[in-house]
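J.: What follows is entry34.csv, made up of CSV, C-alpha atoms and all ligand atoms:
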```csv
chain,number,residue,atom,x,y,z
A,483,MET,CA,0.0,0.0,0.0
A,484,LYS,CA,1.3,3.5,-0.9
A,485,ALA,CA,0.4,7.1,-0.4
A,486,TYR,CA,-0.2,9.4,-3.4
A,487,ILE,CA,-1.1,13.1,-3.8
A,488,LYS,CA,-4.8,13.3,-4.7
A,489,LYS,CA,-5.2,17.1,-4.7
A,490,ILE,CA,-3.0,20.1,-4.1
A,491,ALA,CA,-3.8,23.8,-4.0
A,492,ASN,CA,-2.4,27.1,-2.8
A,493,TYR,CA,-3.6,30.3,-1.1
A,494,ILE,CA,-1.4,33.4,-1.6
A,495,PRO,CA,-2.3,36.6,0.2
A,496,LYS,CA,-3.2,39.6,-2.0
A,497,ASN,CA,-0.6,42.2,-0.8
A,498,ILE,CA,2.5,42.3,-3.1
A,499,ILE,CA,5.7,43.7,-1.6
A,500,THR,CA,8.2,44.5,-4.4
A,501,ASN,CA,11.9,45.0,-3.8
A,502,GLU,CA,11.4,48.6,-4.8
A,503,LYS,CA,8.8,48.9,-2.0
A,504,LEU,CA,11.2,47.5,0.6
A,505,SER,CA,13.9,49.9,-0.6
A,506,GLU,CA,11.7,52.8,0.5
A,507,THR,CA,12.3,51.9,4.2
A,508,LEU,CA,15.4,49.7,4.1
A,509,ASP,CA,19.0,50.4,3.1
A,510,THR,CA,18.8,48.0,0.1
A,511,ASN,CA,17.8,48.0,-3.6
A,512,HIS,CA,16.2,45.8,-6.3
A,513,GLU,CA,19.6,45.0,-8.0
A,514,TRP,CA,21.2,43.7,-4.7
A,515,ILE,CA,18.2,41.6,-3.7
A,516,ALA,CA,17.5,40.2,-7.2
A,517,SER,CA,21.2,39.3,-7.9
A,518,ARG,CA,22.0,37.9,-4.4
A,519,THR,CA,18.7,36.0,-3.9
A,520,GLY,CA,16.6,35.8,-7.1
A,521,ILE,CA,13.7,37.5,-5.4
A,522,SER,CA,11.7,40.3,-7.0
A,523,GLN,CA,8.6,40.3,-4.8
A,524,ARG,CA,6.9,38.5,-2.0
A,525,TYR,CA,3.4,38.5,-0.5
A,526,ARG,CA,2.4,39.8,2.9
A,527,SER,CA,-0.9,38.8,4.5
A,528,GLY,CA,-3.3,41.3,5.9
A,529,LYS,CA,-3.5,42.1,9.6
A,530,GLU,CA,-6.6,40.0,10.0
A,531,GLU,CA,-5.1,37.0,8.2
A,532,THR,CA,-3.5,34.2,10.1
A,533,SER,CA,-1.9,30.8,9.4
A,534,LEU,CA,-5.4,29.3,10.1
A,535,SER,CA,-7.4,31.6,7.8
A,536,MET,CA,-4.8,31.1,5.0
A,537,ALA,CA,-5.1,27.3,5.6
A,538,LEU,CA,-8.9,27.4,5.3
A,539,HIS,CA,-8.6,29.3,2.0
A,540,ALA,CA,-6.1,26.8,0.6
A,541,ILE,CA,-8.3,23.9,1.7
A,542,ASN,CA,-11.2,25.5,0.0
A,543,ASN,CA,-9.1,25.8,-3.2
A,544,LEU,CA,-8.7,22.0,-3.2
A,545,ASN,CA,-12.3,21.9,-4.3
A,546,ILE,CA,-12.9,18.7,-2.4
A,547,ILE,CA,-16.4,17.3,-1.9
A,548,GLU,CA,-18.0,17.0,1.6
A,549,ASP,CA,-17.4,13.2,1.6
A,550,ASP,CA,-13.7,13.7,1.1
A,551,ILE,CA,-13.6,16.1,4.0
A,552,LYS,CA,-15.5,13.6,6.2
A,553,ASN,CA,-13.0,10.9,5.3
A,554,ILE,CA,-9.9,12.8,6.5
A,555,ASP,CA,-8.3,10.7,9.1
A,556,ALA,CA,-5.4,13.0,10.0
A,557,ILE,CA,-4.5,16.7,9.6
A,558,ILE,CA,-0.8,17.7,9.8
A,559,VAL,CA,0.1,21.4,9.8
A,560,ALA,CA,3.7,22.4,9.0
A,561,THR,CA,4.3,25.9,10.4
A,562,SER,CA,6.6,28.1,12.5
A,563,THR,CA,3.8,30.7,12.8
A,564,LYS,CA,1.0,28.7,14.4
A,565,GLN,CA,-2.3,30.3,15.3
A,566,HIS,CA,-1.8,29.9,19.1
A,567,PRO,CA,0.8,28.1,21.2
A,568,SER,CA,-2.0,25.8,22.1
A,569,PRO,CA,-4.2,24.1,20.9
A,570,SER,CA,-2.6,23.0,17.6
A,571,THR,CA,-3.6,24.8,14.4
A,572,ALA,CA,-4.5,21.4,13.0
A,573,THR,CA,-7.1,21.0,15.7
A,574,LEU,CA,-8.6,24.4,14.8
A,575,ILE,CA,-8.8,23.3,11.1
A,576,GLN,CA,-10.5,20.1,12.2
A,577,ASN,CA,-13.1,22.2,14.2
A,578,SER,CA,-13.6,24.5,11.2
A,579,LEU,CA,-14.1,21.6,8.8
A,580,GLU,CA,-16.5,20.0,11.4
A,581,ILE,CA,-14.6,16.6,11.2
A,582,LYS,CA,-15.9,14.6,14.2
A,583,ASN,CA,-12.7,12.6,15.0
A,584,CYS,CA,-9.3,12.6,13.4
A,585,ILE,CA,-5.6,12.8,14.3
A,586,THR,CA,-4.3,16.4,14.5
A,587,LEU,CA,-0.8,17.7,14.9
A,588,ASP,CA,1.4,20.7,14.2
A,589,LEU,CA,4.8,19.9,13.0
A,590,SER,CA,7.8,22.2,13.6
A,591,ALA,CA,10.7,21.6,11.1
A,592,ALA,CA,11.0,25.2,9.8
A,593,CYS,CA,11.5,25.1,6.0
A,594,SER,CA,11.7,21.3,5.9
A,595,GLY,CA,8.2,21.2,7.4
A,596,TYR,CA,6.5,20.2,4.1
A,597,ILE,CA,8.8,17.2,3.5
A,598,TYR,CA,8.6,16.1,7.2
A,599,SER,CA,4.8,16.3,7.0
A,600,ILE,CA,4.6,14.4,3.7
A,601,ASN,CA,6.8,11.7,5.4
A,602,THR,CA,4.5,11.6,8.5
A,603,ALA,CA,1.4,11.4,6.3
A,604,THR,CA,3.0,8.6,4.2
A,605,THR,CA,3.9,6.6,7.3
A,606,LEU,CA,0.4,6.9,8.7
A,607,ILE,CA,-1.1,5.7,5.4
A,608,GLU,CA,1.5,2.9,4.7
A,609,SER,CA,1.1,1.6,8.3
A,610,GLY,CA,-2.7,1.3,7.7
A,611,GLN,CA,-3.5,3.8,10.5
A,612,CYS,CA,-5.1,6.3,8.0
A,613,GLU,CA,-6.4,6.3,4.5
A,614,THR,CA,-6.7,10.0,3.9
A,615,VAL,CA,-4.3,12.7,5.3
A,616,LEU,CA,-4.5,16.4,4.9
A,617,VAL,CA,-1.1,18.2,5.0
A,618,VAL,CA,-1.2,22.0,5.3
A,619,SER,CA,1.9,24.2,5.3
A,620,SER,CA,0.9,27.7,6.3
A,621,GLU,CA,3.3,30.6,7.1
A,622,LYS,CA,2.9,34.1,8.2
A,623,TYR,CA,6.5,35.0,8.5
A,624,SER,CA,5.7,38.7,8.2
A,625,ASP,CA,4.8,38.5,12.0
A,626,ILE,CA,8.2,37.2,13.0
A,627,ILE,CA,10.4,39.3,10.7
A,628,ASN,CA,12.1,42.4,11.9
A,629,TRP,CA,11.1,44.7,9.1
A,630,GLU,CA,14.1,47.0,10.0
A,631,ASP,CA,16.6,44.1,9.4
A,632,ARG,CA,17.6,44.1,5.8
A,633,GLY,CA,19.4,40.7,6.2
A,634,THR,CA,16.0,38.9,6.8
A,635,ALA,CA,13.2,41.3,5.7
A,636,ILE,CA,14.1,40.9,2.0
A,637,LEU,CA,14.0,37.1,2.1
A,638,PHE,CA,10.7,35.9,3.5
A,639,GLY,CA,7.1,35.9,2.3
A,640,ASP,CA,3.7,34.7,3.5
A,641,GLY,CA,1.7,31.8,1.8
A,642,CYS,CA,0.0,28.5,2.2
A,643,ASN,CA,-0.4,25.1,0.5
A,644,ALA,CA,-2.8,22.3,1.1
A,645,THR,CA,-2.1,18.8,-0.1
A,646,LEU,CA,-4.5,15.8,0.2
A,647,LEU,CA,-2.9,12.4,0.3
A,648,GLU,CA,-4.7,9.1,0.0
A,649,LYS,CA,-3.9,5.5,0.0
A,650,THR,CA,-3.4,3.7,-3.3
A,651,ASN,CA,-2.8,0.0,-4.2
A,652,ASP,CA,-1.3,1.2,-7.5
A,653,ASP,CA,2.5,0.3,-7.2
A,654,ASN,CA,3.3,2.6,-10.1
A,655,LYS,CA,2.5,5.9,-8.5
A,656,GLY,CA,2.9,7.8,-5.2
A,657,ILE,CA,5.5,8.6,-2.6
A,658,ILE,CA,8.4,6.2,-3.4
A,659,SER,CA,10.9,7.1,-0.8
A,660,ILE,CA,11.9,9.7,1.8
A,661,ASP,CA,15.2,10.9,3.4
A,662,LEU,CA,15.1,13.1,6.5
A,663,GLY,CA,17.7,14.4,8.9
A,664,SER,CA,18.8,17.1,11.2
A,665,GLU,CA,22.2,18.3,12.6
A,666,GLU,CA,22.7,20.7,15.5
A,667,HIS,CA,23.2,24.2,14.2
A,668,ALA,CA,20.4,25.9,16.1
A,669,SER,CA,22.1,29.3,16.5
A,670,LEU,CA,22.2,29.8,12.7
A,671,LEU,CA,18.5,30.5,12.5
A,672,LEU,CA,16.7,31.2,15.7
A,673,VAL,CA,13.6,32.9,17.2
A,674,LYS,CA,15.1,33.3,20.7
A,675,ASN,CA,12.1,34.6,22.7
A,676,GLY,CA,8.5,33.5,22.9
A,677,GLY,CA,9.1,29.9,24.1
A,678,SER,CA,9.4,28.4,27.6
A,679,ILE,CA,13.0,29.5,28.2
A,680,SER,CA,12.3,33.1,27.4
A,681,PRO,CA,8.7,34.2,27.2
A,682,ILE,CA,8.1,37.6,25.6
A,683,THR,CA,8.0,40.2,28.4
A,684,GLU,CA,8.0,43.9,28.7
A,685,SER,CA,11.6,43.8,29.6
A,686,ASN,CA,12.8,41.8,26.6
A,687,ILE,CA,10.4,43.0,23.9
A,688,ASP,CA,12.9,45.7,22.8
A,689,ASP,CA,15.8,43.3,22.2
A,690,ASN,CA,14.0,42.0,19.1
A,691,GLY,CA,14.6,38.4,20.2
A,692,HIS,CA,11.0,37.5,19.1
A,693,TYR,CA,12.1,38.0,15.5
A,694,VAL,CA,14.0,35.7,13.2
A,695,GLN,CA,17.7,36.0,13.7
A,696,MET,CA,19.9,34.4,11.0
A,697,ILE,CA,23.5,34.0,10.0
A,698,GLY,CA,22.7,33.8,6.3
A,699,SER,CA,26.2,33.1,4.9
A,700,GLU,CA,26.7,30.0,7.2
A,701,ILE,CA,23.2,28.6,6.3
A,702,PHE,CA,24.1,29.1,2.7
A,703,LYS,CA,27.2,26.8,2.9
A,704,HIS,CA,25.4,24.1,4.9
A,705,ALA,CA,22.3,24.2,2.6
A,706,ILE,CA,24.1,23.2,-0.5
A,707,PHE,CA,25.8,20.3,1.2
A,708,PHE,CA,22.6,19.0,2.9
A,709,PHE,CA,20.5,19.5,-0.3
A,710,SER,CA,22.7,17.5,-2.5
A,711,GLN,CA,23.5,14.8,0.1
A,712,SER,CA,19.8,14.2,0.7
A,713,ILE,CA,19.0,13.9,-3.0
A,714,LYS,CA,21.9,11.5,-3.4
A,715,ASN,CA,20.5,9.4,-0.4
A,716,ILE,CA,17.1,9.3,-2.0
A,717,LEU,CA,18.4,8.3,-5.4
A,718,SER,CA,20.4,5.5,-3.8
A,719,LYS,CA,17.5,4.3,-1.7
A,720,SER,CA,15.4,4.1,-4.9
A,721,SER,CA,18.1,2.6,-7.1
A,722,LEU,CA,17.8,5.5,-9.5
A,723,THR,CA,20.3,8.0,-11.0
A,724,ILE,CA,19.8,11.7,-11.4
A,725,ASN,CA,19.1,11.0,-15.1
A,726,ASP,CA,15.9,9.1,-14.1
A,727,ILE,CA,14.6,12.3,-12.4
A,728,ASP,CA,12.3,14.6,-14.5
A,729,LEU,CA,12.1,17.5,-12.1
A,730,ILE,CA,13.6,18.7,-8.9
A,731,ILE,CA,11.6,21.1,-6.7
A,732,PRO,CA,13.9,22.5,-4.1
A,733,HIS,CA,13.0,24.7,-1.2
A,734,GLN,CA,12.9,28.3,-2.5
A,735,ALA,CA,15.4,30.1,-0.3
A,736,ASN,CA,17.9,31.6,-2.7
A,737,ILE,CA,18.5,31.2,-6.5
A,738,ARG,CA,22.2,30.9,-5.9
A,739,ILE,CA,21.7,27.9,-3.6
A,740,MET,CA,19.5,26.3,-6.3
A,741,LYS,CA,22.2,27.0,-9.0
A,742,SER,CA,24.9,25.5,-6.8
A,743,LEU,CA,22.7,22.5,-6.2
A,744,ALA,CA,22.2,22.0,-10.0
A,745,LYS,CA,26.0,22.3,-10.4
A,746,SER,CA,26.8,19.8,-7.6
A,747,MET,CA,24.2,17.3,-9.0
A,748,ASP,CA,25.5,18.0,-12.6
A,749,VAL,CA,22.0,18.8,-13.9
A,750,SER,CA,20.8,21.7,-16.0
A,751,MET,CA,18.7,24.4,-14.4
A,752,ASP,CA,15.8,23.3,-16.7
A,753,LYS,CA,15.4,20.4,-14.3
A,754,ILE,CA,15.1,22.7,-11.3
A,755,PHE,CA,11.7,24.3,-10.7
A,756,VAL,CA,12.1,28.0,-9.6
A,757,ASN,CA,9.4,30.4,-8.5
A,758,ILE,CA,11.4,32.3,-5.8
A,759,GLN,CA,11.2,35.5,-7.9
A,760,ASN,CA,7.4,35.8,-7.1
A,761,TYR,CA,7.2,34.6,-3.5
A,762,GLY,CA,10.5,34.8,-1.7
A,763,ASN,CA,11.1,32.2,1.0
A,764,THR,CA,7.7,31.0,2.4
A,765,SER,CA,9.4,28.6,4.7
A,766,ALA,CA,7.4,25.4,5.3
A,767,ALA,CA,4.9,26.4,2.5
A,768,SER,CA,7.6,26.9,-0.2
A,769,ILE,CA,7.8,23.4,-1.7
A,770,GLY,CA,4.1,22.8,-1.6
A,771,ILE,CA,3.4,26.1,-3.3
A,772,ALA,CA,6.1,25.3,-5.9
A,773,LEU,CA,4.8,21.7,-6.5
A,774,SER,CA,1.2,23.0,-7.0
A,775,GLU,CA,2.4,25.6,-9.5
A,776,ALA,CA,4.6,23.1,-11.4
A,777,ILE,CA,1.5,20.8,-11.8
A,778,GLU,CA,-0.6,23.8,-12.8
A,779,GLN,CA,2.0,24.9,-15.4
A,780,GLY,CA,2.0,21.4,-17.0
A,781,LYS,CA,5.7,20.8,-15.9
A,782,ILE,CA,4.8,17.4,-14.4
A,783,LYS,CA,3.4,14.6,-16.6
A,784,GLU,CA,2.0,11.2,-15.6
A,785,GLY,CA,4.8,8.8,-15.0
A,786,ASP,CA,7.4,11.5,-14.1
A,787,ASN,CA,9.8,11.1,-11.2
A,788,VAL,CA,9.9,14.2,-9.2
A,789,VAL,CA,12.2,15.0,-6.2
A,790,LEU,CA,11.2,17.5,-3.6
A,791,ALA,CA,14.2,18.7,-1.4
A,792,ALA,CA,14.3,21.0,1.6
A,793,PHE,CA,16.6,22.4,4.3
A,794,GLY,CA,15.6,24.7,7.1
A,795,ALA,CA,16.3,25.9,10.7
A,796,GLY,CA,17.7,23.2,13.0
A,797,LEU,CA,19.4,22.6,10.6
A,798,THR,CA,16.8,20.1,9.3
A,799,TRP,CA,16.7,18.7,5.8
A,800,GLY,CA,14.8,16.1,3.7
A,801,SER,CA,13.8,15.0,0.3
A,802,THR,CA,11.0,13.0,-1.2
A,803,LEU,CA,10.8,11.0,-4.5
A,804,ILE,CA,7.3,11.0,-6.0
A,805,LYS,CA,6.1,9.1,-9.1
A,806,PHE,CA,3.2,10.9,-10.7
B,1,LIG,N1,20.8,45.0,0.7
B,1,LIG,C1,22.0,45.5,0.4
B,1,LIG,N2,23.1,45.0,1.0
B,1,LIG,C2,23.0,44.0,1.9
B,1,LIG,C3,21.8,43.4,2.2
B,1,LIG,C4,20.6,44.0,1.6
B,1,LIG,N3,19.4,43.5,1.8
B,1,LIG,N4,22.0,42.5,3.1
B,1,LIG,C5,23.4,42.4,3.3
B,1,LIG,N5,24.0,43.4,2.6
B,1,LIG,C6,25.4,43.7,2.5
B,1,LIG,C7,26.1,43.3,3.8
B,1,LIG,O1,26.1,44.3,4.8
B,1,LIG,C8,27.5,43.0,3.3
B,1,LIG,O2,28.2,44.3,3.1
B,1,LIG,P1,29.8,44.4,3.4
B,1,LIG,O3,30.4,43.6,2.4
B,1,LIG,O4,30.0,45.9,3.2
B,1,LIG,O5,30.0,44.0,4.8
B,1,LIG,C9,27.3,42.5,1.8
B,1,LIG,O6,26.0,42.9,1.5
B,1,LIG,C10,27.4,41.0,1.8
B,1,LIG,O7,26.6,40.4,2.8
B,1,LIG,P2,26.4,38.9,3.0
B,1,LIG,O8,25.6,38.6,4.2
B,1,LIG,O9,27.8,38.2,3.0
B,1,LIG,O10,25.6,38.5,1.7
B,1,LIG,P3,25.4,37.1,1.1
B,1,LIG,O11,25.9,37.1,-0.3
B,1,LIG,O12,25.7,36.0,2.0
B,1,LIG,O13,23.8,37.1,0.9
B,1,LIG,C11,21.9,36.2,2.0
B,1,LIG,C12,23.0,37.2,2.1
B,1,LIG,C13,21.0,36.5,0.8
B,1,LIG,C14,21.0,36.2,3.3
B,1,LIG,C15,22.5,34.8,1.8
B,1,LIG,O14,23.5,34.5,2.8
B,1,LIG,C16,21.5,33.7,1.9
B,1,LIG,O15,20.5,33.6,1.2
B,1,LIG,N6,21.6,32.7,2.9
B,1,LIG,C17,20.8,31.6,3.1
B,1,LIG,C18,19.7,32.1,4.0
B,1,LIG,C19,18.5,31.1,4.0
B,1,LIG,O16,18.4,30.2,3.2
B,1,LIG,N7,17.7,31.2,5.0
B,1,LIG,C20,16.6,30.5,5.2
B,1,LIG,C21,16.8,29.2,5.9
B,1,LIG,S1,15.4,28.2,5.8
B,1,LIG,C22,14.4,28.3,7.2
B,1,LIG,O17,14.4,27.4,7.9
B,1,LIG,C23,13.6,29.5,7.4
```
Could the structure of this file be written out as structure tokens, please?

T.:
Amino acid sequence: MKAYIKKIANYIPKNIITNEKLSETLDTNHEWIASRTGISQRYRSGKEETSLSMALHAINNLNIIEDDIKNIDAIIVATSTKQHPSPSTATLIQNSLEIKNCITLDLSAACSGYIYSINTATTLIESGQCETVLVVSSEKYSDIINWEDRGTAILFGDGCNATLLEKTNDDNKGIISIDLGSEEHASLLLVKNGGSISPITESNIDDNGHYVQMIGSEIFKHAIFFFSQSIKNILSKSSLTINDIDLIIPHQANIRIMKSLAKSMDVSMDKIFVNIQNYGNTSAASIGIALSEAIEQGKIKEGDNVVLAAFGAGLTWGSTLIKF
């Protein structure tokens, strides 16, 4: 028994923030941002929008019938910007969809959250515990970004993806294999305050520890290594070579990281799906958003082997091989 992607859809907030717009308030410019990151614009959700409201829009965009909703056995939400510390955003989605009983959990793996969630969903399905699992990756990074820090404010954007996985007995399609990992580099990308060690208080609110703090150049170096290592692992697990892969969808963090990945794997950029120019880095939502767009743009055909690959704070990493 295998898991396959039955439906996938995105929700992107309306408000576009161009590089030019950022340059009005930050000491930066379009040329620097575009050449160093590949980003031209990103989206910022409205004040009233949350990771939950974006999730509900994305689920609505799946266009699934009432019966499919009733059949959902588990909801997994990948996010670093959950609705409340407790209960989980997944539980709030369950309530909104009026599903009587299902497994609900939020998963924290930063930008690797989508791959970690797809793995969890696949395991639940392959073990026979579930037949239908909804994975939602929803991020409102605009709330945890210091808009005065040009090192991070230029990179991140808001967005959401919903992916419905179902069991299949068809051996020729679905999630073929997964590779996951994490290595201790917590200080490279950290939101210091707001957890149990350092709750946000009046006395620490001014030190900006509730915002993302990042050592970008160090992440850059590690990212290329973990990306290519994970893809090599998955190819070896599946007894395939890179020539058997039709499309690679990497986490959209920086076009230079993606180009280095292509070089280290010895593949042309035609094989790498890129949409960072439009969205920036939407963290856990980035790969789901990219996969949905790649399908919509006809870049994935039946029978294609597609590799999804991620790295994120932790540092976590992972990749997934899917046969469509
Ligand atoms: N505009 C103009 N100049 C800038 C900006 C900016 N926005 N940011 C930095 N600079 C300047 C720096 O001050 C520095 O100037 P100096 O040489 O006079 O000191 C110069 O540009 C180079 O700075 P670097 O930080 O070395 O720039 P780099 O080429 O490394 O690019 C970047 C920075 C884009 C952040 C890059 O390191 C990167 O993308 N790293 C990966 C980050 C990443 O992937 N993060 C997400 C992790 S996933 C997750 O879990 C959320």

J.: Counting only C-alpha atoms, which residue out of A:His566, A:Lys484, A:Thr614, A:Ser712 sits closest to Leu743 in chain A?

T.: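 Comparing A:His566, A:Lys484, A:Thr614, A:Ser712 against Leu743 in chain A, the winner is A:Ser712.
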
J.: Taking all atoms listed in the file into account, which of A:Val694, A:Ala767, A:Cys593, A:Ala491 comes nearest Gly641 in chain A?

T.: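 That would be A:Ala767, the residue with the smallest distance to Gly641 in chain A.
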
J.: Report, in Å with one decimal, the straight-line distance from CA of Phe806 in chain A to CA of Val756 in chain A.

T.: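 Atom-to-atom, CA of Phe806 in chain A and CA of Val756 in chain A are spaced 19.3 Å apart.
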
J.: Between A:Ile771, A:Ile737, A:Ile777, A:Ala795, which residue has the minimum interatomic distance to Gln695 in chain A, considering all atoms listed in the file?

T.: A:Ala795

J.: Wanna dump the range 599-713 of chain A-range 543-546 of chain A contacts at 10 Å for me, each residue with its shortest atom pair and the distance in Å to one decimal, counting only C-alpha atoms, ordered by chain and number, as a Markdown table?

T.:
```
| residue | atom | partner | partner_atom | distance |
| --- | --- | --- | --- | --- |
| A:Asn643 | CA | A:Asn543 | CA | 9.5 |
| A:Ala644 | CA | A:Leu544 | CA | 7.3 |
| A:Thr645 | CA | A:Leu544 | CA | 8.0 |
| A:Leu646 | CA | A:Leu544 | CA | 8.2 |
```

J.: Counting all atoms listed in the file, what residues are within 6 Å of ligand LIG 1 (chain B), given as a count of residues only?

T.: 19

J.: Tell me which of A:Ile498, A:His667, A:Asn675, A:Ala705 sits closest to Asp688 in chain A, counting only C-alpha atoms.

T.: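 Smallest separation from Asp688 in chain A among the options: A:Asn675.
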
J.: Leaving out range 524-534 of chain A and any residue of its chain fewer than 6 positions from it, which residues lie within 8 Å of it when counting all atoms listed in the file, given as a count of residues only?

T.: 27

J.: I'd like the neighbourhood of Asn654 in chain A as a PyMOL selection string, where a residue qualifies if any of its atoms comes within 10 Å (using only C-alpha atoms), though same-chain residues fewer than 3 positions away should be ignored.

T.: chain A and resi 484+650-651+657-658+785+805-806

J.: Pick out the closest residue to Gln576 in chain A from this set: A:Ile597, A:Leu717, A:Leu538, A:Ile804. Count all atoms listed in the file.

T.: A:Leu538

J.: Between CA of Ile739 in chain A and CA of Ile713 in chain A, what is the distance, to one decimal in Å?

T.: 14.3 Å

J.: Kindly give the distance, in Å, that separates CA of Leu670 in chain A and CA of Phe793 in chain A, rounded to a single decimal.

T.: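 Answer for the CA of Leu670 in chain A to CA of Phe793 in chain A separation: 12.5 Å.
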
J.: Name the closest residue to Val788 in chain A among the candidates A:Leu729, A:Met740, A:Ile716, A:Leu579; distances are taken between atoms, counting all atoms listed in the file.

T.: A:Leu729

J.: If we draw a sphere of 10 Å around (25.2, 17.6, -2.5), which residues have at least one atom in it when counting all atoms listed in the file? Please report them as a list in words.

T.: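 Answer for this query, in the requested form: His704, Ala705, Ile706, Phe707, Phe708, Phe709, Ser710, Gln711, Ser712, Ile713, Lys714, Asn715, Ser742, Leu743, Ala744, Lys745, Ser746 and Met747 of chain A.
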
J.: List as a PyMOL selection string: which residues have an atom within 12 Å of (5.6, 9.8, 3.3), counting all atoms listed in the file?

T.: chain A and resi 483-487+596-609+615+617+647-649+656-662+790+800-804

J.: Show me, as JSON, numbers by chain, the residues that have an atom within 6 Å of range 752-755 of chain A when counting all atoms listed in the file, minus same-chain residues fewer than 2 positions from it.

T.: {"A": [729, 730, 731, 750]}

J.: Grab the residues selected above and save them as a short mmCIF file (atom, residue, chain, number, x, y, z; two decimals), in the coordinates of the input with C-alpha atoms.

T.:
```cif
data_model
loop_
_atom_site.label_atom_id
_atom_site.label_comp_id
_atom_site.auth_asym_id
_atom_site.auth_seq_id
_atom_site.Cartn_x
_atom_site.Cartn_y
_atom_site.Cartn_z
CA LEU A 729 12.10 17.50 -12.10
CA ILE A 730 13.60 18.70 -8.90
CA ILE A 731 11.60 21.10 -6.70
CA SER A 750 20.80 21.70 -16.00
#
```
